[in-house]
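Below is one structure, written out as structure tokens, with a few remarks after it.
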Protein chains: 2
Amino acid sequence: MSGIPESGLQLRSEIKSTGELEISLAEVKIAPLAADEVLVRVEASPLNPSDLGLLLGPADLSTLKAETKDGRPSVTASVPPQVLPALKARLDQAMPVGNEGAGVVIATGSDPAAQALMGKTVALLGGAMYAQYRTVRAAEVLPLPAGATAADGASCFVNPLTALGMVETMRAEGHTALVHTAAASNLGQMLNKICLKDGVPLVNIVRSAEQAKILTDLGAKYVVDSTSPNFQAELTDAIEATGATLAFDAIGGGKLASQILTAMETALNRKAGAYSRYGSSTHKQVYIYGGLDLRPSELARNYGMAWGVGGWLLTPFLAKLGAEGAQRLRKRVADELKTTFASHYTAEISLADAVKPEVITAYNRKGTGAKYLINPAKGL
Amino acid sequence: MSGIPESGLQLRSEIKSTGELEISLAEVKIAPLAADEVLVRVEASPLNPSDLGLLLGPADLSTLKAETKDGRPSVTASVPPQVLPALKARLDQAMPVGNEGAGVVIATGSDPAAQALMGKTVALLGGAMYAQYRTVRAAEVLPLPAGATAADGASCFVNPLTALGMVETMRAEGHTALVHTAAASNLGQMLNKICLKDGVPLVNIVRSAEQAKILTDLGAKYVVDSTSPNFQAELTDAIEATGATLAFDAIGGGKLASQILTAMETALNRKAGAYSRYGSSTHKQVYIYGGLDLRPSELARNYGMAWGVGGWLLTPFLAKLGAEGAQRLRKRVADELKTTFASHYTAEISLADAVKPEVITAYNRKGTGAKYLINPAKGL
């Protein structure tokens, strides 16, 4: 229990009821460890889209301004007053950020299971990872395989488990193939590798020829570009060829989810028997798991009655899967960390970099495949 | 087996690839009965919204024209050419119409179970009910209680089982209260009676003060008028009071389904604890079971990630419920035929009336509570 630092820096995001977003670095005391806890020196934590929502909220990023708080760099921006009521539950609270990350265990509680982790590089999911140190229960960390760095393991929960969760959901709900949108993303590339390995037919929807090339280079068989003038027909053909009746959509807004359902229904009806006024009786489902397009989703409902659209989120999926199932998925991630689940980062930044206006603008750009890594051990 | 008529009239709806809808009365041969079959002389069959879709299709009713076919009255109308491709599966087929109805068993097969039905007034679901006679398996009919007429039993499947199916679905999916739209409909009135009897809190959404009165007269506690300037706030309060997280929507198009989900989320967050960036973790569901508004459904998605919208249809629900469950629901309908499940009809018409342009215009008017009954025994 010796050698525990007294305190460490933690990134905090606060939206004030005055309409100001402030991101700052707070000095946080490190409490003595319980018997079953370990202290991790965080060395790598990715900026996932799901982190950016909490970190930046709906702030107007054209108003970003570098500041200093308690002698350390900070940043502010304005939040449009009309969106404040919807944020009521988080107003005036400085919230820690960072879903997942990896680092080295530098102190442990007295339990043997905790002590066994001393010196190990581990990955963890649980929030407040944009910090120099993170105390966590030993049972909650995933020891990385020999030779894996913190950067290798930093993103081994959110994207890998989400991609595996899509395939698990497909099987659990009786589908045999998948459609995925924004498919050239880091997550989309992982999903392609999983589907190729597992023999699951996958229809990839992308928004440019460059994105299509990323996927065909990985070996993807079905890639459809939504900017093509024949998009609907090409999508229908790919869905017919794969038999996909389940889609995961990262975009959310606009007509894409509905276009996918229409294509599924048309593909099903190509082989249909007798006319049914209610359309195909095969259930067609789109799960929206992201919101790259914040506009409303427009559902044409020209696909019979056997259809569903809904939100999909990793945490409730894992809860439903149960501890054993989640452990099975985590093991696969560890086993294939440097292949199927390898992540690539555009840049590694420090906590101080993370509050610089120009760096925020860069990591908030939702370019496909562009992804930043915070290394809180880098020093200010 | 004696006394079986040789043939009978059957209403048929055909959309021709030339773009013409033709509704006519065909003379259909009556085949000898199998051992387990009975022959029903149909005396009452309602014109449900679900029948009108097949009967009239997307024909332009301003072009209705009375005609004669094979010496019997018929009617034609134009179908806009742009919708023909979507109708491909039914083109150039003269389709029988009429989901449900009731009548008297006038002949039976040799099985004792079939013979036991001789002379009984029975209800049945199974299509082709707009006809003088209908051959059906004995096991598929529901003998009506003593004293019930064919008119009493004509609508004892679609609306009663749909209303009961909503409550069953609520229980099966772990909800404890309901929201219903177009709630003053025949079906909505039944749902109110069921919910009052079973102690299920129900939020009724209507579109006028008259409709609200129909329901409050029945004893409905929560009635919200969507034309009110404070609709969203009133809906939220009613949903909070009832704890409803499941809605059945007959309207489909526009923003109503999304407004219901927003109200559910707001109501849930009023008692929420800590801030969750993903919204309430309680699943909120809207099932769309009708299409009174054919425009796209617009989903604002400002209700977290735990939500779903989808189609809901009676037949797959009953299949999922299983034979025993379906039998339990049918028994309740028979037991409460003259109370909970009583239907009221605007007019009783003959098969010949059903193909008259002015009568079609009248029964296709989707006025709340207006409902027509065809009596094929009435003669031409």
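Each chain in the structure tokens gets a letter, A, B, ..., in the order shown, and its residues are numbered from 1; ligands are numbered from 1 in order too.
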Task: Polymer residues at most 9 Å from Pro80 in chain B, only C-alpha atoms, same-chain spacing of 3 or more positions, as a list of chain:residue names - done: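 Contacts, in chain order: B:Gly19, B:Glu20, B:Pro58, B:Ala59, B:Asp60, B:Val83, B:Leu84.
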Selected residues, all heavy atoms, written as a PDB file, in the first residue's frame, please.
```pdb
ATOM      1  N   GLY B  19     -54.717  -0.561 -64.526  1.00  0.00           N
ATOM      2  CA  GLY B  19     -54.943   0.546 -63.603  1.00  0.00           C
ATOM      3  C   GLY B  19     -56.406   0.718 -63.234  1.00  0.00           C
ATOM      4  O   GLY B  19     -56.828   1.805 -62.832  1.00  0.00           O
ATOM      5  N   GLU B  20     -57.191  -0.354 -63.365  1.00  0.00           N
ATOM      6  CA  GLU B  20     -58.603  -0.267 -63.016  1.00  0.00           C
ATOM      7  C   GLU B  20     -58.925  -1.171 -61.826  1.00  0.00           C
ATOM      8  O   GLU B  20     -58.527  -2.332 -61.801  1.00  0.00           O
ATOM      9  CB  GLU B  20     -59.465  -0.685 -64.219  1.00  0.00           C
ATOM     10  CG  GLU B  20     -60.959  -0.476 -63.971  1.00  0.00           C
ATOM     11  CD  GLU B  20     -61.825  -1.077 -65.070  1.00  0.00           C
ATOM     12  OE1 GLU B  20     -61.776  -2.314 -65.272  1.00  0.00           O
ATOM     13  OE2 GLU B  20     -62.553  -0.302 -65.718  1.00  0.00           O
ATOM     14  N   PRO B  58     -55.641   1.536 -53.269  1.00  0.00           N
ATOM     15  CA  PRO B  58     -55.399   2.977 -53.346  1.00  0.00           C
ATOM     16  C   PRO B  58     -56.168   3.617 -54.504  1.00  0.00           C
ATOM     17  O   PRO B  58     -55.695   4.577 -55.091  1.00  0.00           O
ATOM     18  CB  PRO B  58     -53.881   3.038 -53.562  1.00  0.00           C
ATOM     19  CG  PRO B  58     -53.536   1.744 -54.240  1.00  0.00           C
ATOM     20  CD  PRO B  58     -54.644   0.754 -53.990  1.00  0.00           C
ATOM     21  N   ALA B  59     -57.356   3.098 -54.823  1.00  0.00           N
ATOM     22  CA  ALA B  59     -58.130   3.637 -55.948  1.00  0.00           C
ATOM     23  C   ALA B  59     -58.579   5.072 -55.649  1.00  0.00           C
ATOM     24  O   ALA B  59     -58.790   5.443 -54.506  1.00  0.00           O
ATOM     25  CB  ALA B  59     -59.347   2.755 -56.211  1.00  0.00           C
ATOM     26  N   ASP B  60     -58.715   5.841 -56.714  1.00  0.00           N
ATOM     27  CA  ASP B  60     -59.211   7.214 -56.611  1.00  0.00           C
ATOM     28  C   ASP B  60     -60.743   7.148 -56.588  1.00  0.00           C
ATOM     29  O   ASP B  60     -61.384   6.919 -57.616  1.00  0.00           O
ATOM     30  CB  ASP B  60     -58.707   8.002 -57.821  1.00  0.00           C
ATOM     31  CG  ASP B  60     -59.289   9.406 -57.853  1.00  0.00           C
ATOM     32  OD1 ASP B  60     -60.103   9.749 -56.950  1.00  0.00           O
ATOM     33  OD2 ASP B  60     -58.936  10.153 -58.784  1.00  0.00           O
ATOM     34  N   VAL B  83     -48.773   4.017 -58.294  1.00  0.00           N
ATOM     35  CA  VAL B  83     -48.821   3.089 -57.159  1.00  0.00           C
ATOM     36  C   VAL B  83     -48.934   1.626 -57.612  1.00  0.00           C
ATOM     37  O   VAL B  83     -48.842   0.712 -56.800  1.00  0.00           O
ATOM     38  CB  VAL B  83     -49.977   3.421 -56.171  1.00  0.00           C
ATOM     39  CG1 VAL B  83     -49.846   4.847 -55.665  1.00  0.00           C
ATOM     40  CG2 VAL B  83     -51.331   3.180 -56.798  1.00  0.00           C
ATOM     41  N   LEU B  84     -49.118   1.402 -58.928  1.00  0.00           N
ATOM     42  CA  LEU B  84     -49.299   0.025 -59.406  1.00  0.00           C
ATOM     43  C   LEU B  84     -48.109  -0.895 -59.098  1.00  0.00           C
ATOM     44  O   LEU B  84     -48.321  -2.050 -58.706  1.00  0.00           O
ATOM     45  CB  LEU B  84     -49.613   0.026 -60.911  1.00  0.00           C
ATOM     46  CG  LEU B  84     -51.031   0.503 -61.286  1.00  0.00           C
ATOM     47  CD1 LEU B  84     -51.167   0.596 -62.802  1.00  0.00           C
ATOM     48  CD2 LEU B  84     -52.095  -0.433 -60.714  1.00  0.00           C
TER      49      LEU B  84
END
```
Task: Contact residues (chain A, partner chain B, 9 Å, only C-alpha atoms) as JSON, numbers by chain - done: {"A": [53, 54, 87, 88, 89, 90, 252, 253, 269, 272, 273, 274, 275, 276, 277, 278, 281, 285, 287, 288, 289, 294, 295, 296, 297, 298, 299, 300, 301, 304, 305, 306, 307, 308, 309, 310, 311, 312, 313, 316]}
Open item on the list: Run DSSP on the backbone and tell me which residues of range 122-323 of chain B come out as helix (DSSP H, G or I); list them as an MDAnalysis selection string.
Closed with: chainID B and resid 138:140 150:153 158:172 186:198 209:218 231:242 256:270 314:323
TODO: Have a look at B:Ala148, B:Ala107, B:Val333, B:Ala154 and name the one nearest to Ala31 in chain B; count only C-alpha atoms.
DONE: B:Ala107
Give me, as a tab-separated table, the closest atom pair and its distance (Å, one decimal) for every residue of range 30-113 of chain B within a cut-off of 6 Å of range 120-126 of chain B, counting only C-alpha atoms, rows sorted by chain and rising number.
```
residue	atom	partner	partner_atom	distance
B:Asn99	CA	B:Gly126	CA	5.6
B:Glu100	CA	B:Leu125	CA	4.3
B:Gly101	CA	B:Leu124	CA	5.7
B:Ala102	CA	B:Ala123	CA	4.1
B:Gly103	CA	B:Thr121	CA	5.4
B:Val104	CA	B:Thr121	CA	4.4
B:Val105	CA	B:Lys120	CA	5.6
```
Print the selection's residues with C-alpha atoms to a file, as a PDB file, in the first residue's frame.
```pdb
ATOM      1  CA  ASN B  99     -62.055 -10.809 -42.561  1.00  0.00           C
ATOM      2  CA  GLU B 100     -64.767 -11.811 -40.150  1.00  0.00           C
ATOM      3  CA  GLY B 101     -68.453 -12.384 -39.812  1.00  0.00           C
ATOM      4  CA  ALA B 102     -71.198 -14.579 -38.437  1.00  0.00           C
ATOM      5  CA  GLY B 103     -74.016 -16.714 -39.725  1.00  0.00           C
ATOM      6  CA  VAL B 104     -75.910 -19.963 -39.393  1.00  0.00           C
ATOM      7  CA  VAL B 105     -74.514 -23.453 -40.023  1.00  0.00           C
TER       8      VAL B 105
END
```
Open item on the list: Here is a test: counting only C-alpha atoms, which residue of A:Leu161, A:Ile194, A:Ala182, A:Ala334 is nearest to Ile214 in chain A?
Closed with: A:Ala182
Open item on the list: Restricting the calculation to only C-alpha atoms: of A:Val42, A:Leu33, A:Leu215, A:Ala183, which residue gets closest to Ala138 in chain A?
Closed with: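 Closest to Ala138 in chain A, using only C-alpha atoms: A:Leu33.
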- [ ] Between A:Pro229, A:Ala220, A:Leu261, A:Ala177, single out the one closest to Ala241 in chain A, counting only C-alpha atoms.
- [x]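 Looking at the shortest contact to Ala241 in chain A, the residue is A:Ala177.
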- [ ] Do a neighbour search on Thr216 in chain B at 12 Å with only C-alpha atoms, toss out local chain neighbours closer than 3 positions, and write the hits as an MDAnalysis selection string.
- [x] chainID B and resid 183:184 189 192:193 196 203:206 209:213 219:224
Take the residues that were just selected and, keeping C-alpha atoms, output them as an mmCIF file, in the first residue's frame.
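Output saved as again36.cif:
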```
data_model
loop_
_atom_site.group_PDB
_atom_site.id
_atom_site.type_symbol
_atom_site.label_atom_id
_atom_site.label_comp_id
_atom_site.auth_asym_id
_atom_site.auth_seq_id
_atom_site.Cartn_x
_atom_site.Cartn_y
_atom_site.Cartn_z
ATOM 1 C CA ALA B 183 -59.157 6.303 -28.865
ATOM 2 C CA ALA B 184 -62.839 7.013 -29.480
ATOM 3 C CA GLN B 189 -64.263 2.092 -26.716
ATOM 4 C CA ASN B 192 -61.685 1.378 -22.380
ATOM 5 C CA LYS B 193 -64.237 -1.140 -21.152
ATOM 6 C CA LEU B 196 -61.798 -0.264 -16.632
ATOM 7 C CA VAL B 203 -54.389 7.266 -21.529
ATOM 8 C CA ASN B 204 -56.808 7.995 -24.385
ATOM 9 C CA ILE B 205 -55.681 10.391 -27.125
ATOM 10 C CA VAL B 206 -58.537 11.836 -29.191
ATOM 11 C CA ALA B 209 -64.129 17.393 -27.705
ATOM 12 C CA GLU B 210 -66.951 15.145 -29.008
ATOM 13 C CA GLN B 211 -64.601 12.195 -29.073
ATOM 14 C CA ALA B 212 -63.416 13.023 -25.563
ATOM 15 C CA LYS B 213 -67.040 13.005 -24.395
ATOM 16 C CA GLY B 219 -65.941 6.246 -17.500
ATOM 17 C CA ALA B 220 -62.503 6.912 -18.995
ATOM 18 C CA LYS B 221 -60.243 8.719 -16.518
ATOM 19 C CA TYR B 222 -57.441 9.993 -18.773
ATOM 20 C CA VAL B 223 -58.527 11.610 -22.039
ATOM 21 C CA VAL B 224 -56.170 14.003 -23.837
#
```
Open item on the list: Please extract the residues of range 200-258 of chain A with a backbone DSSP assignment of strand (DSSP E) and present them as JSON, numbers by chain.
Closed with: {"A": [202, 203, 204, 205, 206, 222, 223, 224, 225, 246, 247, 248, 249, 252, 253, 254]}
Open item on the list: Measuring between only C-alpha atoms, which one of A:Asp111, A:Glu240, A:Glu37, A:Glu14 shows the shortest distance to Ser74 in chain A?
Closed with: A:Glu14
TODO: Just the residues within 8 Å of Arg41 in chain B, please, counting only C-alpha atoms, with nothing from its chain fewer than 2 positions along; format it as an MDAnalysis selection string.
DONE: chainID B and resid 39 43 103:106 132:134 377
- [ ] Name the residues in contact with Val75 in chain A at a cut-off of 8 Å, using only C-alpha atoms, excluding same-chain residues fewer than 6 positions from it; report them as a list in words.
- [x]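 Contacts, with the query itself left out: Glu22, Ile23, Ser24, Leu64, Lys65, Ala66, Glu67, Thr68, Val355, Lys356 and Pro357 of chain A.
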Could you write those residues out with C-alpha atoms, as a compact mmCIF listing (two decimals), in the first residue's frame?
```txt
# COMPACT_ATOMS: atom_id res chain seq x y z
CA GLU A 22 -16.24 24.70 -18.79
CA ILE A 23 -13.76 21.86 -19.25
CA SER A 24 -11.02 21.93 -16.64
CA LEU A 64 -14.29 27.91 -27.60
CA LYS A 65 -11.91 30.04 -25.53
CA ALA A 66 -8.70 28.98 -23.76
CA GLU A 67 -8.68 29.90 -20.06
CA THR A 68 -6.76 29.11 -16.89
CA VAL A 355 -8.62 21.27 -23.31
CA LYS A 356 -6.97 23.30 -26.12
CA PRO A 357 -9.55 24.85 -28.48
```
- [ ] Please indicate the distance in Å from CA of Leu56 in chain A to CA of Ile360 in chain A, rounded to one decimal place.
- [x] 9.0 Å
Task: Residue with smallest distance to Leu314 in chain B - pool B:Ala150, B:Glu6, B:Asp353, B:Ala326, counting only C-alpha atoms - done: B:Ala326
Task: Spatial neighbours of Asp335 in chain A, max dist 12 Å, only C-alpha atoms, sep filter under 3 positions, as a PyMOL selection string - done: chain A and resi 142-146+148+153+156+160+328-332+338-342
Could the residues in this selection be saved with N, CA, C and O atoms as a compact mmCIF listing (two decimals), in the first residue's frame?
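And here's again28.txt as it stands now:
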```txt
# COMPACT_ATOMS: atom_id res chain seq x y z
N LEU A 142 -9.50 -5.89 -17.13
CA LEU A 142 -9.15 -6.97 -18.06
C LEU A 142 -7.64 -6.93 -18.25
O LEU A 142 -7.12 -6.00 -18.88
N PRO A 143 -6.89 -7.90 -17.70
CA PRO A 143 -5.44 -7.92 -17.91
C PRO A 143 -5.15 -8.14 -19.40
O PRO A 143 -5.75 -9.02 -20.02
N LEU A 144 -4.28 -7.32 -19.97
CA LEU A 144 -4.00 -7.46 -21.40
C LEU A 144 -3.01 -8.60 -21.62
O LEU A 144 -2.22 -8.92 -20.74
N PRO A 145 -3.05 -9.23 -22.80
CA PRO A 145 -2.10 -10.31 -23.08
C PRO A 145 -0.67 -9.77 -23.10
O PRO A 145 -0.46 -8.57 -23.31
N ALA A 146 0.28 -10.66 -22.90
CA ALA A 146 1.69 -10.27 -22.87
C ALA A 146 2.06 -9.53 -24.15
O ALA A 146 1.63 -9.91 -25.24
N ALA A 148 1.10 -6.57 -25.06
CA ALA A 148 0.16 -5.53 -25.47
C ALA A 148 0.41 -4.27 -24.63
O ALA A 148 0.57 -4.35 -23.42
N GLY A 153 -4.67 -1.66 -25.77
CA GLY A 153 -5.85 -2.09 -25.04
C GLY A 153 -6.83 -0.99 -24.69
O GLY A 153 -7.86 -1.25 -24.07
N CYS A 156 -10.58 -1.44 -25.93
CA CYS A 156 -10.97 -2.84 -26.07
C CYS A 156 -12.35 -3.14 -25.49
O CYS A 156 -12.76 -4.29 -25.44
N PRO A 160 -15.17 -2.83 -29.66
CA PRO A 160 -15.19 -4.30 -29.85
C PRO A 160 -16.47 -4.94 -29.32
O PRO A 160 -17.07 -5.78 -29.99
N ARG A 328 -17.32 -14.15 -22.14
CA ARG A 328 -16.95 -14.80 -23.40
C ARG A 328 -16.55 -13.77 -24.46
O ARG A 328 -15.53 -13.92 -25.15
N LEU A 329 -17.33 -12.66 -24.53
CA LEU A 329 -16.99 -11.63 -25.51
C LEU A 329 -15.66 -10.95 -25.14
O LEU A 329 -14.82 -10.69 -26.00
N ARG A 330 -15.47 -10.66 -23.85
CA ARG A 330 -14.23 -10.00 -23.42
C ARG A 330 -13.01 -10.86 -23.72
O ARG A 330 -11.97 -10.38 -24.12
N LYS A 331 -13.16 -12.16 -23.54
CA LYS A 331 -12.05 -13.07 -23.82
C LYS A 331 -11.69 -13.03 -25.30
O LYS A 331 -10.53 -12.99 -25.68
N ARG A 332 -12.73 -12.99 -26.13
CA ARG A 332 -12.44 -12.94 -27.57
C ARG A 332 -11.70 -11.66 -27.91
O ARG A 332 -10.77 -11.65 -28.72
N LYS A 338 -4.79 -7.70 -31.26
CA LYS A 338 -3.90 -7.08 -32.25
C LYS A 338 -4.32 -7.38 -33.68
O LYS A 338 -3.66 -6.96 -34.63
N THR A 339 -5.43 -8.13 -33.84
CA THR A 339 -5.88 -8.43 -35.20
C THR A 339 -7.28 -7.84 -35.40
O THR A 339 -7.42 -6.68 -35.76
N THR A 340 -8.30 -8.65 -35.10
CA THR A 340 -9.68 -8.20 -35.32
C THR A 340 -9.96 -6.85 -34.67
O THR A 340 -10.64 -6.00 -35.24
N PHE A 341 -9.45 -6.67 -33.44
CA PHE A 341 -9.87 -5.51 -32.66
C PHE A 341 -8.80 -4.43 -32.56
O PHE A 341 -8.83 -3.59 -31.65
N ALA A 342 -7.83 -4.45 -33.48
CA ALA A 342 -6.79 -3.41 -33.47
C ALA A 342 -7.42 -2.05 -33.80
O ALA A 342 -8.21 -1.93 -34.73
```
TODO: Measure the distance from CA of Arg365 in chain B to CA of Ser62 in chain B in Å and round it to one decimal.
DONE: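 Computed distance, CA of Arg365 in chain B to CA of Ser62 in chain B, equals 12.9 Å.
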